[in-house]
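Participant: Got input-v1.cif for you, mmCIF, C-alpha atoms and all ligand atoms:
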```cif
data_start
#
loop_
_atom_site.label_atom_id
_atom_site.label_comp_id
_atom_site.auth_asym_id
_atom_site.auth_seq_id
_atom_site.Cartn_x
_atom_site.Cartn_y
_atom_site.Cartn_z
CA MET A 943 -178.35 82.86 73.69
CA LYS A 944 -179.49 79.32 73.88
CA THR A 945 -178.13 76.83 71.42
CA MET A 946 -180.60 74.03 72.07
CA LYS A 947 -184.16 73.79 73.30
CA CYS A 948 -184.64 72.72 76.90
CA SER A 949 -186.90 69.84 75.86
CA LYS A 950 -184.24 68.47 73.56
CA VAL A 951 -181.50 68.87 76.16
CA LEU A 952 -183.59 67.11 78.77
CA LYS A 953 -184.15 64.25 76.37
CA LEU A 954 -180.42 63.96 75.77
CA LEU A 955 -179.39 64.27 79.41
CA SER A 956 -179.47 60.60 80.31
CA ARG A 957 -177.57 59.70 77.17
CA HIS A 958 -175.18 62.51 77.95
CA LEU A 959 -174.53 60.90 81.33
CA ASP A 960 -173.95 57.56 79.66
CA ARG A 961 -171.56 59.29 77.26
CA GLU A 962 -173.53 58.08 74.30
CA LEU A 963 -173.77 61.47 72.61
CA SER A 964 -171.73 62.47 69.61
CA GLY A 965 -169.15 65.22 69.94
CA PRO A 966 -171.27 68.13 68.68
CA GLU A 967 -174.34 66.97 70.60
CA GLN A 968 -172.36 66.73 73.79
CA GLU A 969 -170.93 70.16 73.22
CA ALA A 970 -174.36 71.63 72.58
CA VAL A 971 -175.73 70.06 75.76
CA ASN A 972 -172.78 71.30 77.77
CA ARG A 973 -173.21 74.78 76.38
CA HIS A 974 -176.89 74.76 77.20
CA LEU A 975 -176.24 73.52 80.72
CA ALA A 976 -173.80 76.36 81.26
CA GLU A 977 -176.52 78.84 80.38
CA CYS A 978 -179.68 77.20 81.65
CA ALA A 979 -180.01 76.80 85.39
CA GLY A 980 -183.16 74.72 85.12
CA CYS A 981 -181.56 72.10 82.89
CA ARG A 982 -178.40 72.15 84.98
CA GLN A 983 -180.46 71.34 88.05
CA GLU A 984 -182.11 68.50 86.20
CA TYR A 985 -178.74 67.29 85.03
CA GLU A 986 -177.29 67.34 88.54
CA LEU A 987 -180.30 65.43 89.80
CA LEU A 988 -179.84 62.81 87.08
CA GLN A 989 -176.14 62.71 87.82
CA SER A 990 -176.65 61.94 91.50
CA GLU A 991 -179.23 59.32 90.59
CA HIS A 992 -176.77 57.79 88.19
CA ARG A 993 -174.06 57.67 90.84
CA LEU A 994 -176.47 56.09 93.28
CA LEU A 995 -177.50 53.51 90.71
CA ARG A 996 -173.93 52.72 89.88
CA SER A 997 -173.04 52.31 93.55
CA VAL A 998 -175.99 49.98 93.98
CA THR A 999 -175.40 47.84 90.90
CA VAL A 1000 -171.69 47.52 91.62
CA PRO A 1001 -171.63 46.96 95.35
CA GLU A 1002 -168.33 46.71 97.09
CA ILE A 1003 -168.70 43.71 99.34
CA PRO A 1004 -165.63 42.99 101.45
CA PRO A 1005 -164.33 39.43 100.90
CA TYR A 1006 -165.21 38.20 104.35
CA PHE A 1007 -168.44 40.14 104.67
CA THR A 1008 -170.71 37.10 104.54
CA ALA A 1009 -168.57 35.06 106.88
CA ARG A 1010 -168.29 37.93 109.32
CA THR A 1011 -172.01 38.60 109.23
CA LEU A 1012 -172.78 34.94 109.81
CA ALA A 1013 -170.28 34.86 112.67
CA ARG A 1014 -171.95 37.88 114.20
CA ILE A 1015 -175.36 36.27 113.92
CA GLY A 1016 -173.91 33.07 115.38
CA ALA A 1017 -172.43 35.02 118.26
CA LEU A 1018 -175.82 36.53 119.01
CA LYS A 1019 -177.68 33.25 118.95
CA PRO A 1020 -176.51 31.59 122.19
CA ALA A 1021 -177.63 34.48 124.38
CA SER A 1022 -181.02 34.91 122.70
CA LEU A 1023 -181.75 31.21 122.38
CA LEU A 1024 -180.56 30.26 125.85
CA PRO A 1025 -183.45 28.51 127.56
CA LYS A 1026 -185.20 30.65 130.11
CA LEU A 1027 -184.95 27.88 132.67
CA LEU A 1028 -181.18 28.01 132.50
CA TRP A 1029 -181.29 31.77 132.92
CA GLN A 1030 -183.69 31.49 135.81
CA THR A 1031 -181.45 28.94 137.53
CA ALA A 1032 -178.37 31.08 137.03
CA VAL A 1033 -180.12 34.21 138.25
CA SER A 1034 -181.71 32.53 141.25
CA LEU A 1035 -178.35 31.02 142.16
CA LEU A 1036 -176.82 34.48 142.00
CA VAL A 1037 -179.63 35.90 144.08
CA LEU A 1038 -179.31 33.07 146.60
CA ALA A 1039 -175.57 33.69 146.80
CA GLY A 1040 -176.28 37.37 147.32
CA ILE A 1041 -178.83 36.64 150.04
CA GLY A 1042 -176.42 34.22 151.74
CA LEU A 1043 -173.70 36.82 151.61
CA GLY A 1044 -176.17 39.42 152.87
CA ILE A 1045 -177.15 37.22 155.81
CA ILE A 1046 -173.51 36.66 156.72
CA LEU A 1047 -172.69 40.34 156.30
CA GLY A 1048 -175.91 41.35 158.03
CA SER A 1049 -175.32 39.13 161.03
CA THR A 1050 -171.79 40.42 161.44
CA LEU A 1051 -172.88 44.01 160.94
CA ALA A 1052 -175.96 43.62 163.09
CA THR A 1053 -173.73 43.51 166.15
CA GLY A 1054 -172.89 47.15 165.48
CA SER A 1055 -175.83 49.26 164.27
CA SER A 1056 -179.12 47.80 163.08
CA THR A 1057 -179.38 49.93 159.92
CA SER A 1058 -176.07 50.04 158.09
CA PRO A 1059 -175.61 51.52 154.60
CA GLU A 1060 -174.33 48.14 153.43
CA LEU A 1061 -177.59 46.47 154.40
CA ALA A 1062 -179.61 49.16 152.68
CA ALA A 1063 -177.57 48.62 149.52
CA LEU A 1064 -178.17 44.88 149.70
CA ASN A 1065 -181.91 45.42 150.12
CA SER A 1066 -182.03 47.61 147.02
CA GLU A 1067 -180.46 44.92 144.84
CA PRO A 1068 -182.54 44.02 141.76
CA THR A 1069 -185.06 41.22 142.15
CA ILE A 1070 -185.45 38.34 139.68
CA GLU A 1071 -188.29 40.23 137.97
CA GLU A 1072 -186.15 43.31 137.62
CA LEU A 1073 -183.28 41.29 136.20
CA PHE A 1074 -185.56 39.75 133.59
CA ALA A 1075 -187.40 42.89 132.64
CA PRO A 1076 -184.94 44.16 129.95
CA GLY A 1077 -184.47 40.76 128.33
CA ASN A 1078 -188.16 39.94 128.07
CA GLY A 1079 -189.55 43.14 126.66
CA GLY A 1080 -187.03 43.50 123.82
CA ARG A 1081 -187.47 41.16 120.89
ZN ZN B 1101 -182.67 74.43 79.54
#
```
With the file now loaded, output its structure as C-alpha cells.
Ligand SMILES: [Zn+2]

Facilitator:
Amino acid sequence: MKTMKCSKVLKLLSRHLDRELSGPEQEAVNRHLAECAGCRQEYELLQSEHRLLRSVTVPEIPPYFTARTLARIGALKPASLLPKLLWQTAVSLLVLAGIGLGIILGSTLATGSSTSPELAALNSEPTIEELFAPGNGGR
C-alpha cells in the first residue's frame, strides 16, 4: 500500500536530499521509496547527481597543486621550446661523433672481415630525419 503518490514523492525528492523536509514528510517519502522501485531509482539517480555536484562545488585542491602544476609546465617548456637549430646541432654532432667512431672502428675491423656485425649495426643507426620524426609530428 502506497502512502504517497509518485508525483508528489518525485517533487519532494530533491528537498528530501537537501534534508529540507519535515519529519512526517520525510517519513512518508522514505516509506514510499521502500515500496516503489521506480521512485527509488529516481532517488538514487538524484542522490548520485547530488554527490557529484557536491564534489564539484567543494573541490579538494591540495595546497601545492597550483605550484606543482606550474612547475610541471615549466619543466616541460625547455624541451618543447628549445630552438630547432640547437637540436639540429646537437644531433648532427652526435651523428658526426658516431660516424667518426664508426670510421675508427670500421678501419680497425676492416683488417679482419669486410662485413662485421658491428658495422652492420652502425649502418642501421637512425638518421637525422629519423631522430626528428617523433618530435616533429607530435604537437
Ligand atoms: Zn513511486

Participant: Kindly provide, as a compact mmCIF listing (two decimals) with C-alpha atoms, in the frame of the given file, all nucleotide and amino acid residues lying within 9 Å of ligand ZN 1101 (chain B), counting all atoms listed in the file.

Facilitator:
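Final output, result-v8.txt:
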```txt
# COMPACT_ATOMS: atom_id res chain seq x y z
CA LYS A 944 -179.49 79.32 73.88
CA MET A 946 -180.60 74.03 72.07
CA LYS A 947 -184.16 73.79 73.30
CA CYS A 948 -184.64 72.72 76.90
CA SER A 949 -186.90 69.84 75.86
CA LYS A 950 -184.24 68.47 73.56
CA VAL A 951 -181.50 68.87 76.16
CA LEU A 952 -183.59 67.11 78.77
CA HIS A 974 -176.89 74.76 77.20
CA LEU A 975 -176.24 73.52 80.72
CA GLU A 977 -176.52 78.84 80.38
CA CYS A 978 -179.68 77.20 81.65
CA ALA A 979 -180.01 76.80 85.39
CA GLY A 980 -183.16 74.72 85.12
CA CYS A 981 -181.56 72.10 82.89
CA ARG A 982 -178.40 72.15 84.98
CA GLU A 984 -182.11 68.50 86.20
```

Participant: So that I can check the surroundings of region 1029-1035 of chain A, please list as a ChimeraX atom specification every protein, DNA and RNA residue that reaches within 9 Å of it, counting only C-alpha atoms and ignoring chain neighbours fewer than 6 positions away.

Facilitator: /A:1070,1073-1074

Participant: Can I get the selection written as a compact mmCIF listing (two decimals), in the coordinates of the input, with C-alpha atoms?

Facilitator:
```txt
# COMPACT_ATOMS: atom_id res chain seq x y z
CA ILE A 1070 -185.45 38.34 139.68
CA LEU A 1073 -183.28 41.29 136.20
CA PHE A 1074 -185.56 39.75 133.59
```

Participant: Calculate how many Å separate CA of Ser997 (chain A) from CA of Leu963 (chain A), rounding to one decimal.

Facilitator: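 Spanning CA of Ser997 (chain A) to CA of Leu963 (chain A) is a straight-line distance of 22.9 Å.
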
Participant: Find the distance between CA of His958 (chain A) and CA of Leu988 (chain A) and write it in Å to one decimal.

Facilitator: 10.3 Å

Participant: I'd like the interatomic distance between CA of Arg957 (chain A) and CA of Ala970 (chain A), to a tenth of an Å.

Facilitator: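 Atom-to-atom, CA of Arg957 (chain A) and CA of Ala970 (chain A) are spaced 13.2 Å apart.
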
Participant: Go through A:Ala1017, A:Leu1028, A:Leu955, A:Leu1047 one by one, measure the shortest atom-to-atom distance of each to Gln983 (chain A) using all atoms listed in the file, and give the residue with the smallest value.

Facilitator: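 Checking each candidate against Gln983 (chain A), we get A:Leu955 as the closest.
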
Participant: For a quick check of understanding, using all atoms listed in the file, which of A:Lys1026, A:Pro966, A:Leu959, A:Ala1009 has the smallest distance to Glu986 (chain A)?

Facilitator: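 Checking each of A:Lys1026, A:Pro966, A:Leu959, A:Ala1009 against Glu986 (chain A), counting all atoms listed in the file, the winner is A:Leu959.
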
Participant: Kindly complete region 973-985 of chain A to N, CA and C atoms; the output should be written as a compact mmCIF listing (two decimals), keeping the file's coordinate frame.

Facilitator:
```txt
# COMPACT_ATOMS: atom_id res chain seq x y z
N ARG A 973 -173.06 73.35 76.52
CA ARG A 973 -173.21 74.78 76.38
C ARG A 973 -174.55 75.23 76.96
N HIS A 974 -175.57 74.42 76.69
CA HIS A 974 -176.89 74.76 77.20
C HIS A 974 -176.91 74.69 78.74
N LEU A 975 -176.26 73.68 79.26
CA LEU A 975 -176.24 73.52 80.72
C LEU A 975 -175.53 74.69 81.39
N ALA A 976 -174.54 75.22 80.72
CA ALA A 976 -173.80 76.36 81.26
C ALA A 976 -174.67 77.60 81.34
N GLU A 977 -175.67 77.65 80.45
CA GLU A 977 -176.52 78.84 80.38
C GLU A 977 -177.83 78.66 81.12
N CYS A 978 -178.34 77.44 81.13
CA CYS A 978 -179.68 77.20 81.65
C CYS A 978 -179.63 76.54 83.02
N ALA A 979 -180.05 77.30 84.01
CA ALA A 979 -180.01 76.80 85.39
C ALA A 979 -180.99 75.65 85.60
N GLY A 980 -182.13 75.75 84.95
CA GLY A 980 -183.16 74.72 85.12
C GLY A 980 -182.68 73.36 84.63
N CYS A 981 -182.05 73.35 83.45
CA CYS A 981 -181.56 72.10 82.89
C CYS A 981 -180.36 71.60 83.69
N ARG A 982 -179.57 72.55 84.19
CA ARG A 982 -178.40 72.15 84.98
C ARG A 982 -178.86 71.42 86.25
N GLN A 983 -179.92 71.96 86.85
CA GLN A 983 -180.46 71.34 88.05
C GLN A 983 -180.93 69.93 87.74
N GLU A 984 -181.61 69.81 86.63
CA GLU A 984 -182.11 68.50 86.20
C GLU A 984 -180.95 67.55 85.95
N TYR A 985 -179.92 68.10 85.35
CA TYR A 985 -178.74 67.29 85.03
C TYR A 985 -178.05 66.79 86.30
```
